[in-house]
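Colleague: Take a look at input-v8.csv, CSV, C-alpha atoms and all ligand atoms:
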```
chain,number,residue,atom,x,y,z
A,57,MET,CA,112.9,99.8,83.0
A,58,GLN,CA,115.1,97.2,84.7
A,59,LYS,CA,118.8,98.1,84.2
A,60,GLY,CA,120.3,95.3,86.3
A,61,VAL,CA,120.0,96.6,89.8
A,62,ILE,CA,118.7,93.7,91.9
A,63,GLY,CA,117.8,95.7,95.0
A,64,THR,CA,118.6,96.9,98.5
A,65,ALA,CA,121.6,94.9,99.8
A,66,HIS,CA,123.0,96.8,102.7
A,67,VAL,CA,123.1,99.9,104.9
A,68,GLN,CA,125.9,101.2,107.0
A,69,ILE,CA,124.5,102.9,110.1
A,70,ARG,CA,126.4,105.3,112.4
A,71,VAL,CA,126.0,104.6,116.1
A,72,LEU,CA,127.2,106.5,119.2
A,73,ASP,CA,128.0,103.3,121.2
A,74,MET,CA,128.9,100.1,119.6
A,75,ASP,CA,128.1,97.7,122.5
A,76,GLU,CA,124.7,99.2,123.0
A,77,ALA,CA,124.1,99.0,119.2
A,78,VAL,CA,125.1,95.4,118.9
A,79,THR,CA,122.8,94.5,121.8
A,80,HIS,CA,120.0,96.3,120.0
A,81,TYR,CA,120.5,95.0,116.4
A,82,ARG,CA,121.6,91.4,117.3
A,83,ASP,CA,119.9,90.5,120.6
A,84,ARG,CA,116.7,92.5,120.2
A,85,LEU,CA,116.0,93.0,116.5
A,86,GLY,CA,117.4,89.4,116.1
A,87,LEU,CA,119.9,89.9,113.3
A,88,LEU,CA,122.8,87.5,113.1
A,89,GLU,CA,126.3,88.8,113.7
A,90,THR,CA,128.5,87.6,110.8
A,91,ASP,CA,131.8,89.5,111.2
A,92,ARG,CA,133.8,92.4,112.7
A,93,ASP,CA,136.6,94.3,110.9
A,94,SER,CA,139.8,96.1,111.8
A,95,GLN,CA,138.0,99.4,111.9
A,96,GLY,CA,135.7,98.0,114.6
A,97,ARG,CA,132.7,97.8,112.3
A,98,VAL,CA,130.1,95.1,113.1
A,99,TYR,CA,128.4,93.1,110.3
A,100,LEU,CA,125.0,91.6,110.6
A,101,LYS,CA,122.3,90.0,108.4
A,102,GLY,CA,118.7,88.7,108.7
A,103,TRP,CA,118.4,84.9,108.9
A,104,THR,CA,116.8,84.5,105.5
A,105,GLU,CA,119.5,86.5,103.7
A,106,ALA,CA,122.2,84.6,101.9
A,107,ASP,CA,124.8,87.3,101.5
A,108,LYS,CA,127.3,87.8,104.3
A,109,PHE,CA,125.8,91.1,105.6
A,110,SER,CA,123.0,93.6,105.1
A,111,VAL,CA,123.7,95.9,108.1
A,112,VAL,CA,127.1,97.4,109.0
A,113,LEU,CA,127.4,99.3,112.2
A,114,ARG,CA,130.1,102.0,112.6
A,115,GLU,CA,130.8,103.8,115.8
A,116,ALA,CA,130.9,107.6,115.2
A,117,ASP,CA,130.3,111.0,116.9
A,118,GLU,CA,126.9,111.3,115.2
A,119,ALA,CA,124.0,109.0,114.3
A,120,GLY,CA,122.6,108.6,110.8
A,121,MET,CA,123.3,106.6,107.6
A,122,ASP,CA,126.8,106.5,106.0
A,123,PHE,CA,125.5,104.8,102.8
A,124,MET,CA,123.0,102.4,101.4
A,125,GLY,CA,124.2,99.7,98.9
A,126,PHE,CA,122.4,98.0,96.0
A,127,LYS,CA,123.5,94.8,94.4
A,128,VAL,CA,123.6,94.6,90.6
A,129,LEU,CA,123.6,91.5,88.3
A,130,ASN,CA,127.2,91.4,87.4
A,131,ASN,CA,130.4,93.4,86.8
A,132,GLU,CA,129.4,94.4,83.3
A,133,VAL,CA,126.3,96.0,84.7
A,134,LEU,CA,128.4,97.6,87.4
A,135,ALA,CA,130.8,99.2,84.8
A,136,SER,CA,128.0,100.5,82.6
A,137,LEU,CA,126.0,101.9,85.5
A,138,ARG,CA,129.1,103.5,86.8
A,139,GLN,CA,129.5,105.4,83.5
A,140,ASP,CA,125.8,106.3,83.5
A,141,LEU,CA,126.1,107.8,87.0
A,142,ILE,CA,129.1,109.9,85.9
A,143,ASP,CA,127.2,111.1,82.8
A,144,PHE,CA,124.2,112.0,85.1
A,145,GLY,CA,126.6,114.2,87.1
A,146,CYS,CA,127.2,112.2,90.2
A,147,ASN,CA,130.5,112.3,92.0
A,148,VAL,CA,131.7,108.7,91.7
A,149,GLU,CA,134.3,107.0,94.0
A,150,ASP,CA,135.7,103.5,93.4
A,151,ILE,CA,135.9,101.6,96.7
A,152,PRO,CA,138.2,98.6,96.3
A,153,ALA,CA,137.1,95.0,96.9
A,154,GLY,CA,137.6,94.0,100.5
A,155,GLU,CA,137.1,97.5,102.0
A,156,LEU,CA,134.0,95.8,103.5
A,157,ASN,CA,134.8,92.3,104.5
A,158,GLY,CA,133.5,89.8,101.9
A,159,CYS,CA,132.3,92.5,99.5
A,160,GLY,CA,133.6,93.1,96.0
A,161,ALA,CA,134.4,96.4,94.4
A,162,ARG,CA,131.8,99.1,95.1
A,163,VAL,CA,130.9,102.2,93.1
A,164,ARG,CA,130.0,104.9,95.5
A,165,PHE,CA,128.0,108.0,94.4
A,166,ASP,CA,126.3,111.0,95.8
A,167,SER,CA,122.8,112.0,95.0
A,168,PRO,CA,120.5,115.0,94.7
A,169,THR,CA,119.1,114.5,98.2
A,170,GLY,CA,122.6,114.5,99.7
A,171,HIS,CA,122.7,110.7,100.5
A,172,MET,CA,125.5,108.4,99.6
A,173,PHE,CA,124.8,105.2,97.8
A,174,GLU,CA,126.8,102.4,96.3
A,175,LEU,CA,126.5,99.6,93.7
A,176,PHE,CA,128.4,96.4,93.8
A,177,ALA,CA,128.1,93.0,92.0
A,178,GLU,CA,129.7,90.5,94.3
A,179,LYS,CA,129.5,89.7,98.0
A,180,GLU,CA,130.5,86.5,99.9
A,181,VAL,CA,127.6,84.1,100.2
A,182,VAL,CA,127.3,82.5,103.6
A,183,GLY,CA,123.8,81.1,103.0
A,184,ARG,CA,120.5,81.3,104.8
A,185,ALA,CA,120.7,80.3,108.5
A,186,THR,CA,118.7,77.2,107.7
A,187,GLY,CA,121.0,76.2,104.8
A,188,HIS,CA,120.0,75.5,101.2
A,189,ARG,CA,119.6,71.7,101.2
A,190,ASN,CA,116.4,70.3,102.6
A,191,PRO,CA,116.1,73.4,104.9
A,192,ASP,CA,113.9,73.5,107.9
A,193,ALA,CA,111.3,76.3,108.2
A,194,TRP,CA,113.3,78.6,110.5
A,195,PRO,CA,116.3,78.4,112.8
A,196,MET,CA,115.4,77.4,116.3
A,197,ASP,CA,117.8,79.8,118.1
A,198,LEU,CA,116.6,83.2,116.7
A,199,LYS,CA,116.5,86.1,119.2
A,200,GLY,CA,114.2,88.9,119.9
A,201,MET,CA,112.0,90.2,117.0
A,202,LYS,CA,113.5,87.6,114.6
A,203,ALA,CA,114.0,90.0,111.8
A,204,THR,CA,114.1,88.1,108.5
A,205,ARG,CA,115.9,90.6,106.3
A,206,LEU,CA,116.8,94.2,105.7
A,207,ASP,CA,113.9,95.4,103.5
A,208,HIS,CA,114.2,99.1,102.6
A,209,CYS,CA,115.3,102.5,103.9
A,210,LEU,CA,113.3,105.7,104.0
A,211,LEU,CA,115.4,108.9,103.5
A,212,TYR,CA,114.5,112.6,103.8
A,213,GLY,CA,115.9,115.2,101.5
A,214,ASP,CA,115.2,118.3,99.4
A,215,ASP,CA,115.6,117.4,95.7
A,216,LEU,CA,113.0,114.7,95.1
A,217,ASP,CA,112.8,115.4,91.4
A,218,GLY,CA,116.5,115.0,90.9
A,219,SER,CA,116.4,111.8,93.0
A,220,LEU,CA,113.6,110.4,90.9
A,221,GLU,CA,115.6,111.1,87.7
A,222,LEU,CA,118.6,109.3,89.2
A,223,PHE,CA,116.7,106.3,90.5
A,224,ARG,CA,114.2,105.9,87.7
A,225,ASP,CA,116.0,107.0,84.6
A,226,VAL,CA,119.6,106.1,85.5
A,227,LEU,CA,119.3,103.1,87.8
A,228,GLY,CA,116.1,101.6,86.4
A,229,PHE,CA,113.8,101.7,89.4
A,230,TRP,CA,110.0,101.9,89.1
A,231,LEU,CA,108.0,104.5,90.9
A,232,THR,CA,105.4,102.4,92.8
A,233,GLU,CA,103.8,105.0,95.0
A,234,GLU,CA,103.9,108.7,95.4
A,235,ALA,CA,102.2,111.4,97.5
A,236,MET,CA,101.4,114.7,95.7
A,237,ASP,CA,100.7,118.1,97.0
A,238,GLY,CA,99.4,119.7,93.7
A,239,ASP,CA,102.3,119.3,91.3
A,240,VAL,CA,104.8,118.8,94.0
A,241,ARG,CA,105.8,115.2,94.8
A,242,ILE,CA,106.3,115.0,98.6
A,243,ALA,CA,106.9,111.3,98.8
A,244,GLN,CA,108.2,108.7,96.3
A,245,PHE,CA,108.5,104.9,96.7
A,246,LEU,CA,110.8,103.1,94.3
A,247,THR,CA,111.6,99.4,93.5
A,248,THR,CA,113.5,97.2,91.2
A,249,SER,CA,111.7,94.0,92.4
A,250,MET,CA,108.3,92.8,93.4
A,251,LYS,CA,108.8,94.5,96.8
A,252,GLU,CA,106.6,97.6,97.0
A,253,HIS,CA,109.7,99.6,97.8
A,254,GLU,CA,113.5,99.1,97.9
A,255,ILE,CA,113.9,102.7,98.9
A,256,ALA,CA,111.6,105.7,99.6
A,257,PHE,CA,112.1,109.4,99.9
A,258,ILE,CA,110.2,112.2,101.6
A,259,ARG,CA,110.7,115.8,100.8
A,260,SER,CA,112.3,118.0,103.5
A,261,GLU,CA,114.3,121.1,103.5
A,262,GLY,CA,117.5,119.3,104.4
A,263,LYS,CA,120.0,117.0,102.9
A,264,GLY,CA,121.1,113.5,103.7
A,265,GLN,CA,118.6,112.8,106.5
A,266,PHE,CA,118.0,109.2,107.6
A,267,HIS,CA,114.4,108.4,108.6
A,268,HIS,CA,114.5,104.6,109.0
A,269,ALA,CA,115.9,101.3,108.1
A,270,SER,CA,113.2,98.6,107.8
A,271,PHE,CA,113.2,94.9,108.6
A,272,LEU,CA,110.7,92.3,107.4
A,273,LEU,CA,108.9,90.1,109.9
A,274,GLU,CA,106.9,87.1,109.0
A,275,SER,CA,103.5,88.1,110.2
A,276,TRP,CA,101.3,90.7,111.9
A,277,GLU,CA,101.5,88.4,115.0
A,278,ASP,CA,105.2,89.0,114.9
A,279,VAL,CA,104.7,92.8,114.7
A,280,LEU,CA,102.6,92.6,117.9
A,281,LYS,CA,105.3,90.4,119.6
A,282,ALA,CA,107.9,93.0,118.5
A,283,ALA,CA,105.7,95.6,120.2
A,284,ASP,CA,105.7,93.5,123.4
A,285,LEU,CA,109.5,93.2,123.3
A,286,ILE,CA,109.8,96.9,122.8
A,287,SER,CA,107.9,97.4,126.1
A,288,MET,CA,109.8,94.5,127.9
A,289,TRP,CA,113.1,96.0,127.0
A,290,ASP,CA,112.0,99.6,127.4
A,291,ILE,CA,113.1,100.4,123.8
A,292,SER,CA,112.4,104.0,122.7
A,293,ILE,CA,109.0,103.7,120.9
A,294,ASP,CA,108.0,106.0,118.0
A,295,ILE,CA,104.6,104.8,116.8
A,296,GLY,CA,102.6,101.6,116.3
A,297,PRO,CA,101.6,98.9,115.9
A,298,THR,CA,99.5,100.2,113.0
A,299,ARG,CA,99.1,100.0,109.3
A,300,HIS,CA,100.3,102.3,106.6
A,301,GLY,CA,98.1,103.5,103.7
A,302,LEU,CA,101.2,103.9,101.5
A,303,THR,CA,102.3,100.3,100.8
A,304,HIS,CA,99.7,99.0,103.3
A,305,GLY,CA,102.4,97.4,105.4
A,306,GLN,CA,101.6,96.4,109.1
A,307,THR,CA,104.2,98.2,111.1
A,308,ILE,CA,105.8,99.4,114.3
A,309,TYR,CA,108.6,102.1,114.6
A,310,PHE,CA,111.2,102.5,117.3
A,311,PHE,CA,114.7,103.9,117.8
A,312,ASP,CA,118.0,102.2,118.3
A,313,PRO,CA,120.1,103.4,121.3
A,314,SER,CA,121.7,106.1,119.2
A,315,GLY,CA,118.4,107.5,118.0
A,316,ASN,CA,118.3,105.9,114.5
A,317,ARG,CA,114.7,104.9,113.7
A,318,ASN,CA,114.0,101.3,112.9
A,319,GLU,CA,110.8,99.7,111.5
A,320,THR,CA,109.7,96.2,111.7
A,321,PHE,CA,106.8,95.3,109.4
A,322,ALA,CA,104.8,92.5,107.8
A,323,GLY,CA,102.5,92.2,104.8
A,324,GLY,CA,101.6,95.0,102.5
A,325,ASP,CA,101.4,95.4,98.7
A,326,TRP,CA,103.7,94.1,96.0
A,327,TYR,CA,104.6,95.4,92.6
A,328,VAL,CA,104.6,93.9,89.2
A,329,PRO,CA,106.2,95.8,86.3
A,330,GLY,CA,103.6,97.7,84.3
A,331,MET,CA,101.4,98.4,87.3
A,332,PRO,CA,100.3,102.0,87.5
A,333,THR,CA,101.9,104.2,90.1
A,334,THR,CA,99.7,104.6,93.2
A,335,THR,CA,99.1,108.2,94.1
A,336,TRP,CA,98.1,109.6,97.4
A,337,ASP,CA,96.8,113.1,97.6
A,338,ALA,CA,98.1,115.5,100.2
A,339,GLU,CA,94.7,116.0,101.8
A,340,LYS,CA,94.7,112.2,102.5
A,341,LEU,CA,98.2,112.2,103.9
A,342,GLY,CA,97.1,111.3,107.4
A,343,LYS,CA,95.5,108.1,106.1
A,344,ALA,CA,98.4,107.5,103.7
A,345,VAL,CA,100.9,107.5,106.6
A,346,PHE,CA,98.8,106.0,109.4
A,347,TYR,CA,95.9,104.2,108.0
A,348,HIS,CA,94.1,103.7,111.3
A,349,ALA,CA,94.6,106.9,113.2
A,350,ARG,CA,94.3,108.9,109.9
A,351,GLU,CA,96.3,111.7,111.5
A,352,LEU,CA,99.9,112.8,111.1
A,353,ASN,CA,102.3,112.7,113.9
A,354,GLU,CA,104.9,115.4,114.4
A,355,ARG,CA,107.7,113.2,115.7
A,356,PHE,CA,107.3,110.6,112.9
A,357,LEU,CA,107.3,113.4,110.3
A,358,THR,CA,110.2,115.5,111.6
A,359,VAL,CA,112.6,113.4,113.7
A,360,THR,CA,115.6,112.1,111.6
A,361,THR,CA,119.3,111.4,112.3
B,67,MET,CA,115.5,112.6,143.3
B,68,PHE,CA,116.3,116.0,141.9
B,69,HIS,CA,114.1,118.9,141.0
B,70,ILE,CA,114.3,120.1,137.4
B,71,ASP,CA,113.0,123.5,136.4
B,72,VAL,CA,112.4,124.1,132.7
B,73,VAL,CA,112.4,127.7,131.7
B,74,SER,CA,110.3,128.5,128.6
B,75,SER,CA,107.3,130.7,127.7
B,76,GLU,CA,105.4,128.5,130.2
B,77,ASP,CA,107.6,127.4,133.1
B,78,LYS,CA,107.3,123.8,134.1
B,79,SER,CA,109.1,121.4,136.4
B,80,PHE,CA,109.5,117.8,137.2
B,81,GLU,CA,111.5,115.4,139.5
B,82,CYS,CA,114.2,113.3,138.1
B,83,PRO,CA,116.3,110.5,139.7
B,84,PRO,CA,120.0,110.4,138.9
B,85,GLU,CA,119.8,107.2,136.8
B,86,LYS,CA,117.2,108.7,134.4
B,87,SER,CA,117.9,111.2,131.7
B,88,LEU,CA,116.1,114.5,132.1
B,89,LEU,CA,113.9,113.7,129.1
B,90,HIS,CA,113.1,110.3,130.5
B,91,GLY,CA,112.3,111.8,133.9
B,92,MET,CA,110.1,114.4,132.3
B,93,GLU,CA,108.2,111.8,130.3
B,94,SER,CA,107.7,109.5,133.3
B,95,GLN,CA,105.8,112.3,134.9
B,96,SER,CA,103.8,113.1,131.8
B,97,VAL,CA,105.2,116.7,131.7
B,98,LYS,CA,105.4,118.4,128.3
B,99,ALA,CA,108.2,120.9,128.5
B,100,ILE,CA,110.9,119.6,126.1
B,101,ASN,CA,110.4,118.0,122.6
B,102,VAL,CA,110.6,114.3,122.7
B,103,GLY,CA,112.3,112.7,119.7
B,104,CYS,CA,114.5,109.6,119.5
B,105,ARG,CA,115.5,109.5,123.1
B,106,GLY,CA,119.0,108.3,122.1
B,107,GLY,CA,121.1,111.5,121.5
B,108,GLY,CA,120.8,111.2,117.7
B,109,CYS,CA,118.1,113.6,116.5
B,110,GLY,CA,118.6,116.9,118.3
B,111,PHE,CA,114.9,117.2,119.1
B,112,CYS,CA,115.3,117.5,122.8
B,113,LYS,CA,117.9,120.2,122.8
B,114,ILE,CA,118.2,122.3,126.0
B,115,ARG,CA,120.5,124.9,127.4
B,116,ILE,CA,121.6,124.2,131.0
B,117,LEU,CA,121.5,127.3,133.1
B,118,ASP,CA,122.3,125.8,136.5
B,119,GLY,CA,123.1,122.5,138.2
B,120,GLU,CA,125.4,119.5,138.2
B,121,PHE,CA,125.0,116.8,135.6
B,122,GLU,CA,126.7,114.1,133.6
B,123,THR,CA,126.2,113.4,129.9
B,124,LYS,CA,126.3,110.5,127.6
B,125,LYS,CA,127.6,110.9,124.0
B,126,MET,CA,125.5,113.3,121.9
B,127,SER,CA,125.4,113.6,118.1
B,128,ILE,CA,127.8,116.3,117.1
B,129,LYS,CA,125.5,117.0,114.2
B,130,PHE,CA,123.1,118.7,116.7
B,131,ILE,CA,125.5,119.6,119.5
B,132,THR,CA,128.9,121.0,118.4
B,133,LYS,CA,131.8,121.1,120.7
B,134,GLU,CA,131.3,125.0,121.0
B,135,GLU,CA,127.7,124.6,121.8
B,136,GLN,CA,128.5,122.0,124.4
B,137,ALA,CA,130.9,124.5,126.0
B,138,GLU,CA,128.1,127.1,126.0
B,139,GLY,CA,125.9,124.7,128.0
B,140,PHE,CA,123.8,123.3,125.2
B,141,ALA,CA,122.9,119.6,125.5
B,142,LEU,CA,120.5,116.9,124.4
B,143,SER,CA,118.3,116.3,127.4
B,144,CYS,CA,117.9,112.6,126.6
B,145,ARG,CA,121.6,112.3,127.3
B,146,VAL,CA,121.8,114.5,130.5
B,147,PHE,CA,121.7,112.8,133.9
B,148,PRO,CA,121.2,115.1,136.9
B,149,ARG,CA,123.6,115.2,139.8
B,150,SER,CA,121.8,118.1,141.6
B,151,ASP,CA,118.7,120.2,141.2
B,152,MET,CA,118.8,121.8,137.8
B,153,ARG,CA,117.5,124.8,135.8
B,154,VAL,CA,117.3,124.3,132.1
B,155,MET,CA,115.9,126.1,129.1
B,156,ALA,CA,114.0,124.3,126.3
B,157,VAL,CA,115.6,125.2,122.9
B,158,GLY,CA,113.6,122.8,120.7
B,159,ASN,CA,114.4,121.7,117.2
B,160,ASP,CA,116.5,124.0,115.1
C,401,LIG,S1,115.3,113.0,121.7
C,401,LIG,FE1,116.7,112.7,120.0
C,401,LIG,S2,118.5,113.6,120.7
C,401,LIG,FE2,117.2,113.6,122.5
C,402,FE,FE,109.4,101.7,105.9
```
Would you write out, as structure tokens, the structure that this file holds?
Ligand code: FES
Ligand SMILES: [Fe+2]
Modeller:
Amino acid sequence: MQKGVIGTAHVQIRVLDMDEAVTHYRDRLGLLETDRDSQGRVYLKGWTEADKFSVVLREADEAGMDFMGFKVLNNEVLASLRQDLIDFGCNVEDIPAGELNGCGARVRFDSPTGHMFELFAEKEVVGRATGHRNPDAWPMDLKGMKATRLDHCLLYGDDLDGSLELFRDVLGFWLTEEAMDGDVRIAQFLTTSMKEHEIAFIRSEGKGQFHHASFLLESWEDVLKAADLISMWDISIDIGPTRHGLTHGQTIYFFDPSGNRNETFAGGDWYVPGMPTTTWDAEKLGKAVFYHARELNERFLTVTT
Amino acid sequence: MFHIDVVSSEDKSFECPPEKSLLHGMESQSVKAINVGCRGGGCGFCKIRILDGEFETKKMSIKFITKEEQAEGFALSCRVFPRSDMRVMAVGND
């Protein structure tokens, strides 16, 4: 049941070298740089996104994800979900407005899989790159893969059941797809919108692992062009272009210069409230993950930051 | 061009120029001696122990190579650039 979470709004990613990371996310993925702050963090967004940023890069001694943020409808929703998170047993921390440039107060919380998340209600609106009055189809000066928006993240962790309770029962996400090994849910895809997933989890032994941040492209043609650019720039490739069975997205995976995995994708399924959850059986997992090869790949399954 | 010996259950070797990381050099010659992950120093998949040789490193994720490990000669081969012939041991993902 919808509880006022609009959806995935931002991710803060740790990088080993900021200059290399900015070249990757801005000039190659094609995000637009919107700000930098006194801590040296760099803010970016996709050209179709109206809010000030969706990706924040922070230089650190390790790669991985600091946190992922979800926007909620308003401050009343923020306050009530904050209490629900405390009642559920999350450790909640209040981050003051302005800690991220242009972002209102954030409620940060931990989770059964060891990842950090946050909710917030307000962020500075800078608008789509084409404007909001008689806009043209796309901006003419886009770079690289022309990523349109941050779409979702996939995270690895151990307690998927606890994570499902948190996201479905406390935060009001719908379970759109799952992969089951008997009674054990080994993958879960969750949304608050018509997107097939705002966030997904895969079961592992560990905690807090970051598998990928995914960016939407306009078409399959653009996914193939992204693949060309990955070769032209000698970007570290993971797998693709191919299609997933889960969500049916057309996709390619690669790594940023610090080893964080990125996905660019197009197409795929959408979700309408009331639709049944789609279930993939463990024996069909090859097809679920890589619809064409129908075979699992060790690196895709096990490499995380 | 430097000669890199990889000591493991099955010994293998490859040639690597100074501007390429060990992992990159290995992949360019289609040798399979060390696990290939992100190629960016972030995932720990390509971990090795350096037994012999001169090298330089780029920043490696401390989640997978602690300062102590680095002092003991452990490294992520995608961030190690040879400056002489080397002998390394594949450690793999732990
Ligand atoms: S391959 Fe990921 S750290 Fe070297
Ligand atoms: Fe994805």
Colleague: Compile the contact shell of Asp71 in chain B as a VMD selection string: residues with an atom at most 10 Å away, counting only C-alpha atoms, same-chain residues fewer than 2 positions apart removed.
Modeller: chain B and resid 68 to 69 73 to 74 77 to 81 99 117 to 118 151 to 155
Colleague: If you count all atoms listed in the file, which residues fall within 12 Å of Glu274 in chain A, apart from same-chain ones fewer than 5 positions away, as a list in words?
Modeller: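 Selected residues are Gly102, Trp103, Thr104, Ala193, Trp194, Met201, Lys202, Ala203, Thr204, Arg205, Val279, Leu280, Lys281, Ala282, Gly305, Gln306, Thr307, Thr320, Phe321, Ala322, Gly323 and Gly324 of chain A.
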Colleague: Can I get the residues close to ligand LIG 401 (chain C) as a list in words, where close means within 7 Å and we count only C-alpha atoms and all ligand atoms?
Modeller: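 Based on only C-alpha atoms and all ligand atoms, ligand LIG 401 (chain C) is surrounded within 7 Å by Gly315 of chain A; Val102, Gly103, Cys104, Arg105, Gly106, Gly107, Gly108, Cys109, Gly110, Phe111, Cys112, Lys113, Leu142, Ser143, Cys144 and Arg145 of chain B.
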Colleague: List all protein, DNA and RNA residues that have an atom no more than 7 Å from any atom of ligand FE 402 (chain C), counting only C-alpha atoms and all ligand atoms, and report them as a ChimeraX atom specification.
Modeller: /A:208-210,268-270,319
Colleague: So that I have them on file, write out the residues from the current selection with C-alpha atoms, as an mmCIF file, in the frame of the given file.
Modeller:
```cif
data_model
loop_
_atom_site.group_PDB
_atom_site.id
_atom_site.type_symbol
_atom_site.label_atom_id
_atom_site.label_comp_id
_atom_site.auth_asym_id
_atom_site.auth_seq_id
_atom_site.Cartn_x
_atom_site.Cartn_y
_atom_site.Cartn_z
ATOM 1 C CA HIS A 208 114.200 99.100 102.600
ATOM 2 C CA CYS A 209 115.300 102.500 103.900
ATOM 3 C CA LEU A 210 113.300 105.700 104.000
ATOM 4 C CA HIS A 268 114.500 104.600 109.000
ATOM 5 C CA ALA A 269 115.900 101.300 108.100
ATOM 6 C CA SER A 270 113.200 98.600 107.800
ATOM 7 C CA GLU A 319 110.800 99.700 111.500
#
```
Colleague: Compile the contact shell of range 181-191 of chain A as a list in words: residues with an atom at most 10 Å away, counting all atoms listed in the file, same-chain residues fewer than 6 positions apart removed.
Modeller: Leu88, Thr90, Lys101, Gly102, Trp103, Thr104, Glu105, Ala106, Asp107, Lys108, Phe109, Gly158, Cys159 and Leu198 of chain A
Colleague: At a cut-off of 8 Å, list the chain A residues touching chain B, using all atoms listed in the file, as a PyMOL selection string.
Modeller: chain A and resi 72+117-120+292+294+311-317+355+359-361
Colleague: Using only C-alpha atoms, collect all residues at a distance of at most 8 Å from (101.9, 99.9, 95.4) as written in the file, then present them as number ranges by chain.
Modeller: A: 232-233, 252, 302-303, 325-327, 333-334
